[in-house]
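These notes concern the structure reproduced below.
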Amino acid sequence: MPDDVIARLRAAVRDVPDFPKKGIVFKDITPVLNDGTLFHSSIDIFLDRCRGKQIDKIVGIDARGFLFGSAVAYQLGVGFVPLRKKGRLPYKTESAKYSLEYGEAEMELHIDAIKRGEKIVLIDDLLATGGTSASAATLIKKVEGDLIEAIFLIELEFLHGREKLAPTPVTAFLKY
Ligand code: AMP
């Protein structure tokens, strides 16, 4: 993965202090999405990481995980599974509660979205405390999917979120 791509992505991610609440520095990825070349590059680095692996489905986390995850699924020609905040999915769901860097939440997955043994890659924009993705991993396990890797554009390393995902391999491109 070329260093200049990583440097350009890093330069584009905008820090927004005290959002959504005081003390949180929000990593705003919308400047990456707004720039056609950067958005393309961001999808390419996810794809590079997925190539050569047998993947049945991409699971994307509500809502920014949908932006990256669905583009990656499209390119790989595999299914996309949206993992949504409580109350948004219309059919029968499995759910898991989790705590965020800035609050509490509950995540849901359609019970028939993943078949037993399917190889899953989890995608989101950012790994912070790992609560969200650990609950995603719990849900994938509940429906007997095989989570082979979790990939993030950004990792806030000082929050040690990847420990919550162990033993699932974790990849992140921009580390803070
Ligand atoms: P966590 O469960 O703490 O790993 O939080 C990860 C989820 O919350 C991801 O879906 C992120 O999009 C969002 N998130 C948490 N902290 C931040 C932050 N500092 N900047 C941007 N998004 C964040």
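To be explicit about the labels: the chains of the structure tokens are called A, B, and onward in the order shown, and within each one the residues are counted from 1, while ligands get numbers from 1 in the order they are shown.
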For chain A versus ligand 1, which residues have an atom no more than 9 Å away, and what is each residue's nearest atom pair and distance in Å rounded to one decimal, using only C-alpha atoms and all ligand atoms, chain-then-number order, as JSON lines?
```
{"residue": "A:Asp15", "atom": "CA", "partner": "ligand 1", "partner_atom_place_in_ligand_line": "20 (N)", "distance": 8.0}
{"residue": "A:Val16", "atom": "CA", "partner": "ligand 1", "partner_atom_place_in_ligand_line": "20 (N)", "distance": 8.3}
{"residue": "A:Phe19", "atom": "CA", "partner": "ligand 1", "partner_atom_place_in_ligand_line": "20 (N)", "distance": 8.2}
{"residue": "A:Pro20", "atom": "CA", "partner": "ligand 1", "partner_atom_place_in_ligand_line": "18 (C)", "distance": 8.8}
{"residue": "A:Ile24", "atom": "CA", "partner": "ligand 1", "partner_atom_place_in_ligand_line": "19 (N)", "distance": 5.9}
{"residue": "A:Val25", "atom": "CA", "partner": "ligand 1", "partner_atom_place_in_ligand_line": "19 (N)", "distance": 5.1}
{"residue": "A:Phe26", "atom": "CA", "partner": "ligand 1", "partner_atom_place_in_ligand_line": "20 (N)", "distance": 3.5}
{"residue": "A:Lys27", "atom": "CA", "partner": "ligand 1", "partner_atom_place_in_ligand_line": "20 (N)", "distance": 3.9}
{"residue": "A:Asp28", "atom": "CA", "partner": "ligand 1", "partner_atom_place_in_ligand_line": "21 (C)", "distance": 6.0}
{"residue": "A:Ile29", "atom": "CA", "partner": "ligand 1", "partner_atom_place_in_ligand_line": "21 (C)", "distance": 7.9}
{"residue": "A:Ile61", "atom": "CA", "partner": "ligand 1", "partner_atom_place_in_ligand_line": "10 (O)", "distance": 6.3}
{"residue": "A:Asp62", "atom": "CA", "partner": "ligand 1", "partner_atom_place_in_ligand_line": "10 (O)", "distance": 6.7}
{"residue": "A:Ala63", "atom": "CA", "partner": "ligand 1", "partner_atom_place_in_ligand_line": "10 (O)", "distance": 7.1}
{"residue": "A:Arg64", "atom": "CA", "partner": "ligand 1", "partner_atom_place_in_ligand_line": "12 (O)", "distance": 6.2}
{"residue": "A:Gly65", "atom": "CA", "partner": "ligand 1", "partner_atom_place_in_ligand_line": "10 (O)", "distance": 6.9}
{"residue": "A:Tyr98", "atom": "CA", "partner": "ligand 1", "partner_atom_place_in_ligand_line": "2 (O)", "distance": 7.5}
{"residue": "A:Ser99", "atom": "CA", "partner": "ligand 1", "partner_atom_place_in_ligand_line": "2 (O)", "distance": 6.5}
{"residue": "A:Leu100", "atom": "CA", "partner": "ligand 1", "partner_atom_place_in_ligand_line": "3 (O)", "distance": 4.4}
{"residue": "A:Glu101", "atom": "CA", "partner": "ligand 1", "partner_atom_place_in_ligand_line": "3 (O)", "distance": 4.3}
{"residue": "A:Tyr102", "atom": "CA", "partner": "ligand 1", "partner_atom_place_in_ligand_line": "16 (N)", "distance": 7.1}
{"residue": "A:Gly103", "atom": "CA", "partner": "ligand 1", "partner_atom_place_in_ligand_line": "3 (O)", "distance": 9.0}
{"residue": "A:Asp124", "atom": "CA", "partner": "ligand 1", "partner_atom_place_in_ligand_line": "10 (O)", "distance": 6.1}
{"residue": "A:Asp125", "atom": "CA", "partner": "ligand 1", "partner_atom_place_in_ligand_line": "12 (O)", "distance": 5.5}
{"residue": "A:Leu126", "atom": "CA", "partner": "ligand 1", "partner_atom_place_in_ligand_line": "11 (C)", "distance": 4.7}
{"residue": "A:Leu127", "atom": "CA", "partner": "ligand 1", "partner_atom_place_in_ligand_line": "4 (O)", "distance": 4.3}
{"residue": "A:Ala128", "atom": "CA", "partner": "ligand 1", "partner_atom_place_in_ligand_line": "4 (O)", "distance": 3.4}
{"residue": "A:Thr129", "atom": "CA", "partner": "ligand 1", "partner_atom_place_in_ligand_line": "3 (O)", "distance": 3.5}
{"residue": "A:Gly130", "atom": "CA", "partner": "ligand 1", "partner_atom_place_in_ligand_line": "4 (O)", "distance": 3.4}
{"residue": "A:Gly131", "atom": "CA", "partner": "ligand 1", "partner_atom_place_in_ligand_line": "2 (O)", "distance": 3.7}
{"residue": "A:Thr132", "atom": "CA", "partner": "ligand 1", "partner_atom_place_in_ligand_line": "2 (O)", "distance": 3.5}
{"residue": "A:Ser133", "atom": "CA", "partner": "ligand 1", "partner_atom_place_in_ligand_line": "2 (O)", "distance": 6.1}
{"residue": "A:Ala134", "atom": "CA", "partner": "ligand 1", "partner_atom_place_in_ligand_line": "2 (O)", "distance": 7.7}
{"residue": "A:Ser135", "atom": "CA", "partner": "ligand 1", "partner_atom_place_in_ligand_line": "2 (O)", "distance": 8.4}
{"residue": "A:Ile154", "atom": "CA", "partner": "ligand 1", "partner_atom_place_in_ligand_line": "21 (C)", "distance": 8.8}
{"residue": "A:Glu155", "atom": "CA", "partner": "ligand 1", "partner_atom_place_in_ligand_line": "4 (O)", "distance": 8.5}
{"residue": "A:Leu156", "atom": "CA", "partner": "ligand 1", "partner_atom_place_in_ligand_line": "19 (N)", "distance": 7.6}
{"residue": "A:Leu159", "atom": "CA", "partner": "ligand 1", "partner_atom_place_in_ligand_line": "3 (O)", "distance": 8.0}
{"residue": "A:Gly161", "atom": "CA", "partner": "ligand 1", "partner_atom_place_in_ligand_line": "4 (O)", "distance": 6.0}
{"residue": "A:Arg162", "atom": "CA", "partner": "ligand 1", "partner_atom_place_in_ligand_line": "4 (O)", "distance": 8.7}
```
Any chance you could export the current selection's C-alpha atoms as a JSON list (two decimals), in the first residue's frame?
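What follows is the written file selection-v5.json:
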```
[["chain", "number", "residue", "atom", "x", "y", "z"],
["A", 15, "ASP", "CA", -10.29, 16.55, 13.73],
["A", 16, "VAL", "CA", -13.44, 18.10, 15.20],
["A", 19, "PHE", "CA", -18.10, 16.47, 19.00],
["A", 20, "PRO", "CA", -20.55, 14.85, 19.69],
["A", 24, "ILE", "CA", -14.14, 13.75, 22.27],
["A", 25, "VAL", "CA", -12.00, 14.56, 19.23],
["A", 26, "PHE", "CA", -14.17, 13.38, 16.36],
["A", 27, "LYS", "CA", -12.30, 12.05, 13.32],
["A", 28, "ASP", "CA", -14.38, 13.39, 10.43],
["A", 29, "ILE", "CA", -13.92, 11.27, 7.30],
["A", 61, "ILE", "CA", -21.42, -0.98, 10.74],
["A", 62, "ASP", "CA", -24.09, 1.77, 10.83],
["A", 63, "ALA", "CA", -23.54, 4.28, 9.32],
["A", 64, "ARG", "CA", -20.06, 5.10, 8.04],
["A", 65, "GLY", "CA", -19.20, 1.42, 7.74],
["A", 98, "TYR", "CA", -22.50, -2.20, 23.74],
["A", 99, "SER", "CA", -20.86, 0.92, 25.14],
["A", 100, "LEU", "CA", -19.32, 3.63, 22.98],
["A", 101, "GLU", "CA", -16.51, 6.12, 23.56],
["A", 102, "TYR", "CA", -19.42, 8.54, 23.93],
["A", 103, "GLY", "CA", -22.47, 6.62, 25.18],
["A", 124, "ASP", "CA", -16.10, 0.32, 9.73],
["A", 125, "ASP", "CA", -14.55, 3.77, 9.43],
["A", 126, "LEU", "CA", -12.99, 3.84, 12.88],
["A", 127, "LEU", "CA", -11.97, 1.58, 15.75],
["A", 128, "ALA", "CA", -12.09, 3.42, 19.09],
["A", 129, "THR", "CA", -12.79, 1.46, 22.31],
["A", 130, "GLY", "CA", -13.80, -1.59, 20.25],
["A", 131, "GLY", "CA", -17.23, -1.84, 21.91],
["A", 132, "THR", "CA", -19.11, -1.45, 18.63],
["A", 133, "SER", "CA", -17.06, -3.94, 16.66],
["A", 134, "ALA", "CA", -16.96, -6.43, 19.55],
["A", 135, "SER", "CA", -20.76, -6.37, 19.59],
["A", 154, "ILE", "CA", -8.76, 4.62, 11.32],
["A", 155, "GLU", "CA", -7.65, 3.18, 14.66],
["A", 156, "LEU", "CA", -7.37, 5.20, 17.88],
["A", 159, "LEU", "CA", -8.03, 3.08, 23.35],
["A", 161, "GLY", "CA", -9.99, -1.49, 20.88],
["A", 162, "ARG", "CA", -8.30, -4.33, 18.98]]
```
Would you please extract all helix (DSSP H, G or I) residues from chain A, as assigned by DSSP on the backbone, and give them as a ChimeraX atom specification? /A:3-12,30-34,36-50,64-76,131-142,157-159,162-165
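Distance annotation: of A:Asp56, A:Glu163, A:Glu106, A:Glu157, the residue with the minimal separation from A:Val121 is A:Asp56; atom set is only C-alpha atoms.
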Could you give me the residues within chain A that DSSP places in strand (DSSP E or B), as a ChimeraX atom specification? /A:14-17,25-28,57-61,79-85,93-100,103-110,119-127,146-155,170-175
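Between atom CA of A:Val170 and atom CA of A:Val72 lies a distance of 16.6 Å.
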Record the distance separating atom CA of A:Ala136 and atom CA of A:Lys57, expressed in Å with one decimal. 13.7 Å
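The space between atom CA of A:Ile45 and atom CA of A:Gly79 spans 19.0 Å.
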Show me, as a ChimeraX atom specification, the residues that have an atom within 7 Å of stretch 66-70 of chain A when counting only C-alpha atoms, minus same-chain residues fewer than 6 positions from it. /A:43,58-60,80,82,123
Generate a file of the selected residues that holds N, CA, C and O atoms, formatted as an mmCIF file, in the first residue's frame.
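As a result, selection28.cif now contains:
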```
data_model
loop_
_atom_site.group_PDB
_atom_site.id
_atom_site.type_symbol
_atom_site.label_atom_id
_atom_site.label_comp_id
_atom_site.auth_asym_id
_atom_site.auth_seq_id
_atom_site.Cartn_x
_atom_site.Cartn_y
_atom_site.Cartn_z
ATOM 1 N N ILE A 43 -11.171 3.101 -0.833
ATOM 2 C CA ILE A 43 -11.774 1.792 -1.130
ATOM 3 C C ILE A 43 -10.689 0.811 -1.604
ATOM 4 O O ILE A 43 -10.685 -0.363 -1.214
ATOM 5 N N ILE A 58 -19.468 -9.043 3.307
ATOM 6 C CA ILE A 58 -18.935 -7.919 4.075
ATOM 7 C C ILE A 58 -20.039 -7.454 5.018
ATOM 8 O O ILE A 58 -21.177 -7.241 4.587
ATOM 9 N N VAL A 59 -19.699 -7.298 6.297
ATOM 10 C CA VAL A 59 -20.626 -6.685 7.245
ATOM 11 C C VAL A 59 -20.151 -5.254 7.501
ATOM 12 O O VAL A 59 -18.987 -5.031 7.853
ATOM 13 N N GLY A 60 -21.041 -4.286 7.291
ATOM 14 C CA GLY A 60 -20.704 -2.876 7.525
ATOM 15 C C GLY A 60 -21.472 -2.346 8.720
ATOM 16 O O GLY A 60 -22.634 -2.694 8.921
ATOM 17 N N PHE A 80 -23.487 -7.786 0.929
ATOM 18 C CA PHE A 80 -23.249 -6.776 1.967
ATOM 19 C C PHE A 80 -24.326 -6.910 3.033
ATOM 20 O O PHE A 80 -25.519 -7.017 2.716
ATOM 21 N N PRO A 82 -25.866 -4.994 6.351
ATOM 22 C CA PRO A 82 -25.848 -3.825 7.224
ATOM 23 C C PRO A 82 -26.142 -4.207 8.671
ATOM 24 O O PRO A 82 -27.128 -4.886 8.952
ATOM 25 N N ILE A 123 -16.310 -4.308 8.397
ATOM 26 C CA ILE A 123 -15.723 -3.027 7.983
ATOM 27 C C ILE A 123 -16.402 -1.862 8.695
ATOM 28 O O ILE A 123 -17.628 -1.808 8.806
#
```
Shell around A:Gly87 at 12 Å using only C-alpha atoms, local window under 6 positions removed, as a PyMOL selection string: chain A and resi 93-95+105-110
